[in-house]
file model.tsv (TSV, C-alpha atoms and all ligand atoms)
chain	number	residue	atom	x	y	z
X	1	MET	CA	-23.40	9.44	2.87
X	2	GLN	CA	-25.23	8.68	6.07
X	3	ASP	CA	-23.17	10.29	8.80
X	4	SER	CA	-22.95	8.69	12.19
X	5	ASP	CA	-23.59	11.07	15.05
X	6	VAL	CA	-23.85	8.22	17.49
X	7	MET	CA	-20.11	7.59	17.64
X	8	ALA	CA	-19.47	11.30	18.17
X	9	LYS	CA	-21.93	11.32	21.08
X	10	MET	CA	-20.39	8.17	22.47
X	11	ALA	CA	-16.95	9.74	22.15
X	12	ALA	CA	-18.09	12.95	23.84
X	13	SER	CA	-19.49	11.06	26.81
X	14	MET	CA	-16.26	9.09	27.11
X	15	VAL	CA	-14.14	12.22	27.09
X	16	GLU	CA	-16.40	13.65	29.78
X	17	GLY	CA	-15.73	10.48	31.73
X	18	GLY	CA	-12.01	11.31	31.54
X	19	GLU	CA	-11.12	8.60	29.06
X	20	ASP	CA	-9.47	8.95	25.74
X	21	SER	CA	-12.18	8.52	23.13
X	22	PHE	CA	-10.12	6.83	20.41
X	23	ARG	CA	-8.82	4.27	22.88
X	24	LYS	CA	-12.33	3.61	24.21
X	25	ILE	CA	-13.81	3.16	20.76
X	26	PHE	CA	-10.89	0.91	19.80
X	27	LYS	CA	-11.61	-1.26	22.84
X	28	PHE	CA	-15.33	-1.19	22.08
X	29	TYR	CA	-14.80	-2.72	18.65
X	30	ARG	CA	-12.05	-5.06	19.85
X	31	ARG	CA	-14.29	-6.54	22.53
X	32	ARG	CA	-15.11	-10.23	22.14
X	33	ASN	CA	-17.74	-10.80	24.76
X	34	PRO	CA	-20.33	-9.49	24.24
X	35	PRO	CA	-19.48	-8.65	20.63
X	36	PRO	CA	-19.88	-4.98	19.70
X	37	ASP	CA	-22.93	-3.50	17.98
X	38	LEU	CA	-21.77	-2.78	14.42
X	39	SER	CA	-24.77	-0.72	13.36
X	40	ASP	CA	-22.75	2.53	13.35
X	41	VAL	CA	-19.94	1.20	11.20
X	42	ILE	CA	-19.96	2.96	7.82
X	43	ASP	CA	-20.41	0.64	4.87
X	44	PHE	CA	-19.17	2.41	1.76
X	45	SER	CA	-21.39	0.37	-0.51
X	46	ARG	CA	-24.30	2.38	0.91
X	47	CYS	CA	-22.60	5.79	0.51
X	48	ALA	CA	-22.97	8.37	-2.25
X	49	PRO	CA	-20.17	8.15	-4.83
X	50	VAL	CA	-17.74	10.97	-5.64
X	51	ASN	CA	-16.25	11.78	-9.04
X	52	LEU	CA	-12.83	10.66	-10.19
X	53	ASP	CA	-10.63	12.10	-12.91
X	54	THR	CA	-11.60	9.69	-15.67
X	55	ALA	CA	-9.16	11.31	-18.12
X	56	ALA	CA	-6.15	10.74	-15.84
X	57	VAL	CA	-5.83	7.05	-16.72
X	58	SER	CA	-6.61	5.71	-20.19
X	59	ASP	CA	-8.59	2.50	-20.60
X	60	VAL	CA	-5.46	0.85	-22.00
X	61	GLU	CA	-3.39	1.89	-18.99
X	62	ALA	CA	-6.08	0.62	-16.64
X	63	THR	CA	-6.36	-2.69	-18.48
X	64	ARG	CA	-2.60	-3.20	-18.45
X	65	VAL	CA	-2.62	-3.15	-14.65
X	66	GLY	CA	-5.65	-5.43	-14.49
X	67	LEU	CA	-8.24	-2.73	-13.71
X	68	GLN	CA	-11.52	-1.72	-15.25
X	69	PRO	CA	-11.73	1.71	-16.94
X	70	VAL	CA	-11.84	4.52	-14.33
X	71	ARG	CA	-15.42	5.41	-15.29
X	72	GLU	CA	-16.45	2.00	-13.92
X	73	TRP	CA	-14.79	2.54	-10.55
X	74	ARG	CA	-16.92	3.45	-7.58
X	75	ALA	CA	-15.32	6.00	-5.24
X	76	PHE	CA	-16.63	7.47	-2.00
X	77	GLY	CA	-15.50	10.40	0.09
X	78	LEU	CA	-15.90	10.64	3.82
X	79	ARG	CA	-17.65	13.78	5.03
X	80	GLY	CA	-15.45	15.71	7.45
X	81	HIS	CA	-12.36	13.99	6.07
X	82	PRO	CA	-11.47	15.76	2.82
X	83	GLY	CA	-8.89	13.82	0.87
X	84	THR	CA	-10.19	10.41	1.89
X	85	ARG	CA	-11.34	8.21	-0.94
X	86	SER	CA	-12.38	4.62	-0.76
X	87	ARG	CA	-13.13	2.65	-3.83
X	88	GLN	CA	-14.12	-0.83	-4.77
X	89	SER	CA	-12.61	-2.99	-5.99
X	90	LEU	CA	-9.55	-4.91	-6.91
X	91	ASN	CA	-9.74	-8.48	-7.98
X	92	LYS	CA	-8.10	-11.85	-8.02
X	93	VAL	CA	-5.40	-10.54	-10.32
X	94	TRP	CA	-4.31	-8.09	-7.65
X	95	MET	CA	-4.44	-10.47	-4.76
X	96	ARG	CA	-2.19	-12.73	-6.80
X	97	ALA	CA	0.22	-9.90	-7.58
X	98	VAL	CA	0.39	-8.82	-3.95
X	99	TRP	CA	1.09	-12.39	-2.92
X	100	PHE	CA	3.78	-12.69	-5.56
X	101	ASN	CA	5.37	-9.43	-4.44
X	102	SER	CA	5.54	-10.38	-0.81
X	103	VAL	CA	5.67	-14.08	-0.08
X	104	ARG	CA	8.02	-16.76	-1.36
X	105	LEU	CA	7.42	-19.97	0.51
X	106	PRO	CA	9.81	-22.87	0.92
X	107	ALA	CA	8.87	-26.08	-0.88
X	108	GLY	CA	8.15	-28.17	2.25
X	109	LYS	CA	4.43	-27.99	3.02
X	110	ARG	CA	4.82	-28.11	6.80
X	111	GLU	CA	7.54	-25.48	6.90
X	112	ALA	CA	5.52	-23.26	4.56
X	113	ARG	CA	2.47	-23.58	6.81
X	114	THR	CA	4.46	-22.72	9.94
X	115	LEU	CA	6.00	-19.69	8.30
X	116	LEU	CA	2.64	-18.48	7.02
X	117	GLU	CA	1.16	-18.77	10.51
X	118	ARG	CA	4.01	-16.62	11.84
X	119	LEU	CA	3.87	-14.08	9.06
X	120	ARG	CA	2.92	-10.63	10.36
X	121	TRP	CA	4.42	-8.10	8.01
X	122	VAL	CA	6.60	-7.56	4.97
X	123	THR	CA	8.22	-4.35	3.77
X	124	LEU	CA	8.89	-3.29	0.18
X	125	GLY	CA	11.04	-0.60	-1.42
X	126	TYR	CA	12.60	1.48	1.37
X	127	HIS	CA	12.27	-1.06	4.18
X	128	TYR	CA	10.71	0.45	7.25
X	129	ASN	CA	12.77	0.04	10.38
X	130	TRP	CA	10.32	-0.69	13.23
X	131	ASP	CA	12.94	0.04	15.89
X	132	THR	CA	14.08	3.49	14.71
X	133	LYS	CA	10.79	4.20	12.89
X	134	THR	CA	12.69	5.48	9.88
X	135	TYR	CA	13.43	4.62	6.29
X	136	SER	CA	16.99	4.72	5.06
X	137	PRO	CA	18.69	4.60	1.66
X	138	SER	CA	20.88	1.72	2.87
X	139	SER	CA	17.90	-0.59	3.33
X	140	HIS	CA	16.22	-0.56	-0.03
X	141	THR	CA	15.18	-2.95	-2.78
X	142	PRO	CA	13.43	-1.95	-6.01
X	143	PHE	CA	9.71	-1.31	-5.51
X	144	PRO	CA	7.57	-3.82	-7.50
X	145	ARG	CA	6.69	-2.21	-10.82
X	146	ASP	CA	3.16	-3.60	-11.05
X	147	LEU	CA	2.21	-2.38	-7.57
X	148	HIS	CA	3.72	1.01	-8.36
X	149	LEU	CA	1.71	1.37	-11.59
X	150	LEU	CA	-1.46	0.33	-9.82
X	151	SER	CA	-0.80	2.92	-7.09
X	152	ALA	CA	0.12	5.64	-9.57
X	153	HIS	CA	-3.10	5.07	-11.57
X	154	VAL	CA	-5.31	5.05	-8.48
X	155	THR	CA	-3.75	8.26	-7.14
X	156	ALA	CA	-3.89	9.95	-10.57
X	157	ALA	CA	-7.60	9.16	-10.84
X	158	CYS	CA	-8.05	10.71	-7.39
X	159	GLY	CA	-6.36	13.92	-8.57
X	160	PHE	CA	-2.76	13.25	-7.53
X	161	PRO	CA	-0.66	12.69	-10.65
X	162	GLY	CA	3.03	11.80	-10.44
X	163	PHE	CA	2.86	9.54	-7.38
X	164	ILE	CA	6.07	7.55	-6.88
X	165	SER	CA	5.66	4.36	-4.85
X	166	GLU	CA	8.76	4.11	-2.71
X	167	ALA	CA	7.81	2.05	0.33
X	168	GLY	CA	5.21	-0.55	1.10
X	169	ILE	CA	4.13	-2.28	4.27
X	170	LEU	CA	2.07	-5.44	4.13
X	171	ASN	CA	0.24	-6.39	7.30
X	172	TYR	CA	-1.05	-9.93	7.68
X	173	TYR	CA	-3.98	-10.26	10.09
X	174	ARG	CA	-5.43	-13.38	11.60
X	175	SER	CA	-9.00	-13.36	12.86
X	176	ASP	CA	-7.89	-12.14	16.30
X	177	SER	CA	-5.29	-9.58	15.20
X	178	SER	CA	-5.60	-5.83	15.42
X	179	LEU	CA	-3.46	-2.82	14.60
X	180	GLY	CA	-2.98	-0.14	17.24
X	181	ILE	CA	-3.68	3.58	17.00
X	182	HIS	CA	-1.05	5.35	14.95
X	183	VAL	CA	-0.36	7.95	12.30
X	184	ASP	CA	1.94	7.28	9.34
X	185	GLU	CA	4.36	10.16	9.45
X	186	SER	CA	7.77	8.54	8.98
X	187	GLU	CA	7.72	9.50	5.31
X	188	LEU	CA	9.67	12.71	4.67
X	189	ASP	CA	7.07	14.13	2.27
X	190	HIS	CA	3.49	14.24	3.55
X	191	THR	CA	2.03	16.03	0.56
X	192	ARG	CA	1.65	12.74	-1.32
X	193	PRO	CA	-1.28	10.42	-0.55
X	194	LEU	CA	-1.07	7.16	1.32
X	195	LEU	CA	-2.77	4.19	-0.30
X	196	SER	CA	-4.18	1.19	1.47
X	197	PHE	CA	-5.27	-1.97	-0.38
X	198	SER	CA	-7.22	-4.67	1.46
X	199	PHE	CA	-7.60	-8.34	0.59
X	200	GLY	CA	-9.13	-11.37	2.23
X	201	GLN	CA	-11.21	-11.08	5.36
X	202	SER	CA	-12.91	-7.77	6.20
X	203	ALA	CA	-11.93	-5.29	8.90
X	204	ILE	CA	-13.22	-2.42	10.96
X	205	PHE	CA	-11.02	0.58	10.22
X	206	LEU	CA	-11.09	3.52	12.65
X	207	LEU	CA	-10.24	6.92	11.20
X	208	GLY	CA	-9.69	9.65	13.77
X	209	GLY	CA	-8.45	13.20	13.60
X	210	PRO	CA	-5.10	14.97	13.64
X	211	ARG	CA	-4.88	14.61	17.43
X	212	ARG	CA	-4.50	11.23	19.14
X	213	GLN	CA	-7.55	11.78	21.29
X	214	ASP	CA	-9.92	12.85	18.47
X	215	PRO	CA	-12.88	10.46	18.24
X	216	PRO	CA	-12.61	8.12	15.25
X	217	ARG	CA	-15.26	6.98	12.82
X	218	ALA	CA	-15.60	3.30	12.15
X	219	MET	CA	-15.85	1.94	8.63
X	220	LEU	CA	-15.79	-1.44	6.96
X	221	MET	CA	-12.92	-2.45	4.71
X	222	HIS	CA	-13.65	-5.37	2.44
X	223	SER	CA	-11.49	-7.41	0.11
X	224	GLY	CA	-10.55	-5.37	-2.94
X	225	ASP	CA	-11.21	-2.00	-1.31
X	226	VAL	CA	-8.66	0.75	-1.76
X	227	MET	CA	-8.41	3.68	0.63
X	228	VAL	CA	-6.57	6.86	-0.33
X	229	MET	CA	-5.64	9.21	2.50
X	230	SER	CA	-4.55	12.53	1.08
X	231	GLY	CA	-4.44	16.25	1.81
X	232	PRO	CA	-5.69	16.97	5.33
X	233	SER	CA	-6.51	13.29	5.80
X	234	ARG	CA	-2.95	12.10	5.11
X	235	LEU	CA	-1.86	12.51	8.74
X	236	LEU	CA	-4.93	11.30	10.60
X	237	TYR	CA	-4.71	8.77	13.39
X	238	HIS	CA	-6.13	5.38	12.49
X	239	ALA	CA	-6.30	1.80	13.71
X	240	VAL	CA	-7.78	-1.61	12.94
X	241	PRO	CA	-9.46	-2.98	16.08
X	242	ARG	CA	-11.13	-5.99	14.54
X	243	ILE	CA	-11.10	-8.48	11.70
X	244	LEU	CA	-14.52	-9.67	10.52
X	245	PRO	CA	-15.51	-12.55	8.27
X	246	ALA	CA	-15.81	-11.41	4.65
X	247	PRO	CA	-19.46	-11.21	3.56
X	248	PRO	CA	-20.47	-13.93	1.09
X	249	GLY	CA	-19.19	-13.12	-2.39
X	250	ARG	CA	-16.84	-10.35	-1.25
X	251	LEU	CA	-13.57	-12.24	-1.55
X	252	ALA	CA	-14.00	-11.81	-5.30
X	253	LEU	CA	-11.53	-14.56	-5.99
X	254	GLU	CA	-13.21	-16.03	-8.98
X	255	THR	CA	-15.06	-14.43	-11.83
X	256	GLY	CA	-18.24	-15.54	-10.11
X	257	GLY	CA	-17.41	-13.13	-7.25
X	258	SER	CA	-18.83	-9.65	-6.98
X	259	ILE	CA	-16.01	-8.09	-8.98
X	260	GLN	CA	-15.96	-8.60	-12.71
X	261	THR	CA	-12.71	-7.45	-14.21
X	262	PRO	CA	-11.02	-8.92	-17.21
X	263	PRO	CA	-8.13	-11.35	-16.74
X	264	PRO	CA	-4.66	-9.93	-17.49
X	265	GLN	CA	-4.47	-8.87	-21.12
X	266	GLU	CA	-1.65	-8.90	-23.57
X	267	GLY	CA	0.73	-6.17	-22.44
X	268	SER	CA	-0.29	-6.68	-18.83
X	269	VAL	CA	2.31	-5.51	-16.35
X	270	VAL	CA	0.93	-7.63	-13.52
X	271	GLU	CA	3.34	-10.38	-12.52
X	272	PRO	CA	1.81	-13.83	-13.06
X	273	VAL	CA	1.56	-16.26	-10.16
X	274	SER	CA	1.56	-20.02	-10.54
X	275	GLU	CA	-1.65	-21.91	-9.80
X	276	GLU	CA	0.21	-23.65	-6.97
X	277	GLU	CA	1.10	-20.36	-5.28
X	278	TRP	CA	-2.38	-19.05	-5.87
X	279	ALA	CA	-3.83	-22.12	-4.15
X	280	VAL	CA	-1.77	-21.31	-1.03
X	281	CYS	CA	-2.77	-17.66	-1.17
X	282	SER	CA	-6.47	-18.28	-1.70
X	283	ARG	CA	-6.49	-20.74	1.19
X	284	TYR	CA	-4.69	-18.22	3.39
X	285	ILE	CA	-7.17	-15.41	2.79
X	286	GLN	CA	-10.14	-17.65	3.63
X	287	SER	CA	-9.22	-16.95	7.25
X	288	SER	CA	-6.81	-13.99	7.14
X	289	ARG	CA	-6.62	-10.42	5.94
X	290	VAL	CA	-3.77	-8.84	4.01
X	291	ASN	CA	-3.40	-5.08	3.86
X	292	VAL	CA	-0.83	-3.23	1.75
X	293	THR	CA	-0.03	0.40	2.34
X	294	VAL	CA	1.96	2.19	-0.35
X	295	ARG	CA	3.84	5.39	0.41
X	296	GLN	CA	5.94	7.97	-1.35
X	297	VAL	CA	8.78	8.64	1.09
X	298	LEU	CA	10.60	11.59	-0.52
X	299	ALA	CA	9.44	14.62	-2.47
X	300	PRO	CA	10.91	14.75	-6.00
X	301	GLY	CA	14.59	15.69	-5.64
X	302	GLN	CA	14.53	15.34	-1.84
X	303	LYS	CA	17.37	13.45	-0.12
X	304	PHE	CA	17.45	11.57	3.16
X	305	PRO	CA	18.91	13.66	6.00
X	306	GLU	CA	22.40	12.71	7.24
X	307	THR	CA	20.97	11.90	10.67
X	308	PRO	CA	17.63	10.10	10.35
X	309	ARG	CA	14.78	11.42	12.47
X	310	SER	CA	12.12	9.26	14.01
X	311	HIS	CA	8.58	10.40	13.14
X	312	GLN	CA	6.09	7.65	13.70
X	313	THR	CA	3.60	8.30	16.45
X	314	THR	CA	1.93	5.26	17.93
X	315	ASP	CA	-0.53	5.15	20.75
X	316	PRO	CA	1.76	5.32	23.79
X	317	GLY	CA	-0.69	3.24	25.79
X	318	GLN	CA	-0.41	0.51	23.22
X	319	THR	CA	3.35	0.36	22.92
X	320	ASP	CA	3.34	-1.70	19.78
X	321	GLY	CA	1.03	-0.89	16.94
X	322	TYR	CA	0.28	-4.54	16.28
X	323	ASP	CA	-1.79	-6.63	18.60
X	324	ASP	CA	-1.64	-10.33	18.06
X	325	GLY	CA	-4.74	-11.45	19.92
X	326	GLU	CA	-3.56	-14.89	20.88
X	327	ASN	CA	-0.18	-13.87	22.18
X	328	GLY	CA	-1.20	-10.55	23.64
X	329	LYS	CA	0.35	-7.25	22.61
X	330	ARG	CA	3.74	-7.50	21.03
X	331	LYS	CA	6.18	-4.87	20.00
X	332	ARG	CA	6.91	-5.09	16.30
X	333	SER	CA	10.60	-5.28	15.69
X	334	SER	CA	12.84	-5.86	12.71
X	335	SER	CA	13.30	-9.49	13.64
X	336	ASP	CA	9.59	-10.15	13.97
X	337	SER	CA	8.77	-11.54	10.57
X	338	PRO	CA	10.37	-14.45	8.82
X	339	TYR	CA	10.10	-12.38	5.63
X	340	ALA	CA	11.16	-8.97	6.86
X	341	ALA	CA	13.14	-7.05	4.29
X	342	GLU	CA	13.63	-10.11	2.16
X	343	THR	CA	11.44	-9.22	-0.74
X	344	HIS	CA	12.51	-7.56	-3.94
F	1	LIG	C1	-1.98	0.59	8.40
F	1	LIG	O1	-2.49	1.56	8.89
F	1	LIG	O2	-0.76	0.49	8.32
F	1	LIG	C2	-2.82	-0.56	7.87
F	1	LIG	C3	-4.29	-0.31	7.94
F	1	LIG	C4	-5.10	-1.51	7.54
F	1	LIG	O3	-4.69	-2.65	7.78
F	1	LIG	O4	-6.21	-1.32	7.01
call {"tool": "encode", "arguments": {"input": "model.tsv", "output": "structure tokens"}}
result
Amino acid sequence: MQDSDVMAKMAASMVEGGEDSFRKIFKFYRRRNPPPDLSDVIDFSRCAPVNLDTAAVSDVEATRVGLQPVREWRAFGLRGHPGTRSRQSLNKVWMRAVWFNSVRLPAGKREARTLLERLRWVTLGYHYNWDTKTYSPSSHTPFPRDLHLLSAHVTAACGFPGFISEAGILNYYRSDSSLGIHVDESELDHTRPLLSFSFGQSAIFLLGGPRRQDPPRAMLMHSGDVMVMSGPSRLLYHAVPRILPAPPGRLALETGGSIQTPPPQEGSVVEPVSEEEWAVCSRYIQSSRVNVTVRQVLAPGQKFPETPRSHQTTDPGQTDGYDDGENGKRKRSSSDSPYAAETH
């Protein structure tokens, strides 16, 4: 992989100037006018691939969740960030399944459109409480089986067998949205990887270090990309400063797209979505990005503590974690989404 020393130099000069480097780089990529130079943003399609455990998932298992055999996957590691894997790509089948698992729209077209415009996030499994920054056994619905199997197969191929998907957060980004600097540490077991699936428009993803002020590296996330943060990379600070238009052909919505995977086969575990729902979804992602993070909350046999502890660390200067460009920075709260905690 071509490493980028430029960002490190830029970060060093910013720290010398007394400013926090992650914050500065976040603002650099968030800037509208003039738009930022993107030449240092890592594009995984130009990186050297890393090996996966091709024996961990059989071809039949892969096919049943709508994936190609593992030997066909392309995975990349990030130098200096052991445990990070990004791979391309998921397909229309998975965008449909994610839509099915998260959004149920009312029949009225106008009401549906209004709700979709307001949609910012959805939680699955153990529903994350944005106010206390905790999960709790009292706020739980069964985690979607298809998304769990997908996650378990991806993690197994990356060398982490036995992953149990217990919580999911879907973030819905418009073209001017961003996600503030944070680390995902509310889960009680950090030895299990964190998975991130991206669909729709592209994004610049900043991956920093274990300390808030560590300079991040910028990388492109396209539709269908999966990022696995594991081992030492599980607790790294990260953020999404900018949404970018998907490059031509990268939405991979139809078989003519860049991703050629078979349609769901007999025995498929992927929930089907009606053509009508798919039409709404495919229209939505022409201008928006959907990201799903899947987490294992508890180690096997672990129980929630009697008194929940708050873990999540968000950039204190950014108060929220989610920046809705049009309306300025907003604090995410449990009442923020019309769909919060309503799914499965
Ligand atoms: C997250 O960190 O929760 C989401 C990251 C992304 O949208 O890529």
call {"tool": "atom_distance", "arguments": {"input": "model.tsv", "atom1": "CA of Val65 in chain X", "atom2": "CA of Arg250 in chain X"}}
result
20.8 Å
call {"tool": "atom_distance", "arguments": {"input": "model.tsv", "atom1": "atom C4 of ligand LIG 1 (chain F)", "atom2": "CA of Pro49 in chain X"}}
result
21.8 Å
call {"tool": "residues_around", "arguments": {"input": "model.tsv", "residues": "range 35-39 of chain X", "least_positions_apart": "2", "cutoff": "10 Å", "atoms": "only C-alpha atoms", "output": "list in words"}}
result
Ser4, Val6, Lys27, Phe28, Tyr29, Arg30, Arg31, Arg32, Asn33, Val41, Ile42, Asp43, Ile204, Ala218, Met219 and Leu220 of chain X
call {"tool": "residues_near_ligand", "arguments": {"input": "model.tsv", "ligand": "ligand LIG 1 (chain F)", "cutoff": "10 Å", "atoms": "all atoms listed in the file", "output": "short mmCIF file (atom, residue, chain, number, x, y, z; two decimals) with C-alpha atoms, in the frame of the given file"}}
result
data_model
loop_
_atom_site.label_atom_id
_atom_site.label_comp_id
_atom_site.auth_asym_id
_atom_site.auth_seq_id
_atom_site.Cartn_x
_atom_site.Cartn_y
_atom_site.Cartn_z
CA GLY X 168 5.21 -0.55 1.10
CA ILE X 169 4.13 -2.28 4.27
CA LEU X 170 2.07 -5.44 4.13
CA ASN X 171 0.24 -6.39 7.30
CA TYR X 172 -1.05 -9.93 7.68
CA TYR X 173 -3.98 -10.26 10.09
CA SER X 178 -5.60 -5.83 15.42
CA LEU X 179 -3.46 -2.82 14.60
CA GLY X 180 -2.98 -0.14 17.24
CA ILE X 181 -3.68 3.58 17.00
CA HIS X 182 -1.05 5.35 14.95
CA VAL X 183 -0.36 7.95 12.30
CA ASP X 184 1.94 7.28 9.34
CA LEU X 194 -1.07 7.16 1.32
CA LEU X 195 -2.77 4.19 -0.30
CA SER X 196 -4.18 1.19 1.47
CA PHE X 197 -5.27 -1.97 -0.38
CA SER X 198 -7.22 -4.67 1.46
CA PHE X 199 -7.60 -8.34 0.59
CA SER X 202 -12.91 -7.77 6.20
CA ALA X 203 -11.93 -5.29 8.90
CA ILE X 204 -13.22 -2.42 10.96
CA PHE X 205 -11.02 0.58 10.22
CA LEU X 206 -11.09 3.52 12.65
CA LEU X 207 -10.24 6.92 11.20
CA LEU X 220 -15.79 -1.44 6.96
CA MET X 221 -12.92 -2.45 4.71
CA HIS X 222 -13.65 -5.37 2.44
CA ASP X 225 -11.21 -2.00 -1.31
CA VAL X 226 -8.66 0.75 -1.76
CA MET X 227 -8.41 3.68 0.63
CA TYR X 237 -4.71 8.77 13.39
CA HIS X 238 -6.13 5.38 12.49
CA ALA X 239 -6.30 1.80 13.71
CA VAL X 240 -7.78 -1.61 12.94
CA PRO X 241 -9.46 -2.98 16.08
CA ARG X 242 -11.13 -5.99 14.54
CA ILE X 243 -11.10 -8.48 11.70
CA ARG X 289 -6.62 -10.42 5.94
CA VAL X 290 -3.77 -8.84 4.01
CA ASN X 291 -3.40 -5.08 3.86
CA VAL X 292 -0.83 -3.23 1.75
CA THR X 293 -0.03 0.40 2.34
CA VAL X 294 1.96 2.19 -0.35
CA GLY X 321 1.03 -0.89 16.94
CA TYR X 322 0.28 -4.54 16.28
#
call {"tool": "residues_near_point", "arguments": {"input": "model.tsv", "point": "(21.5, 2.8, 0.3)", "cutoff": "12 Å", "atoms": "all atoms listed in the file", "output": "number ranges by chain"}}
result
X: 125-127, 135-142, 303-304
call {"tool": "atom_distance", "arguments": {"input": "model.tsv", "atom1": "CA of Gly159 in chain X", "atom2": "CA of Pro216 in chain X"}}
result
25.3 Å
call {"tool": "closest_residue", "arguments": {"input": "model.tsv", "among": "X:Arg71, X:Arg283, X:Arg64, X:His190", "to": "Asn51 in chain X", "atoms": "only C-alpha atoms"}}
result
X:Arg71
call {"tool": "residues_near_point", "arguments": {"input": "model.tsv", "point": "(-2.2, 20.6, -1.6)", "cutoff": "10 Å", "atoms": "all atoms listed in the file", "output": "ChimeraX atom specification"}}
result
/X:83,160,190-192,230-232
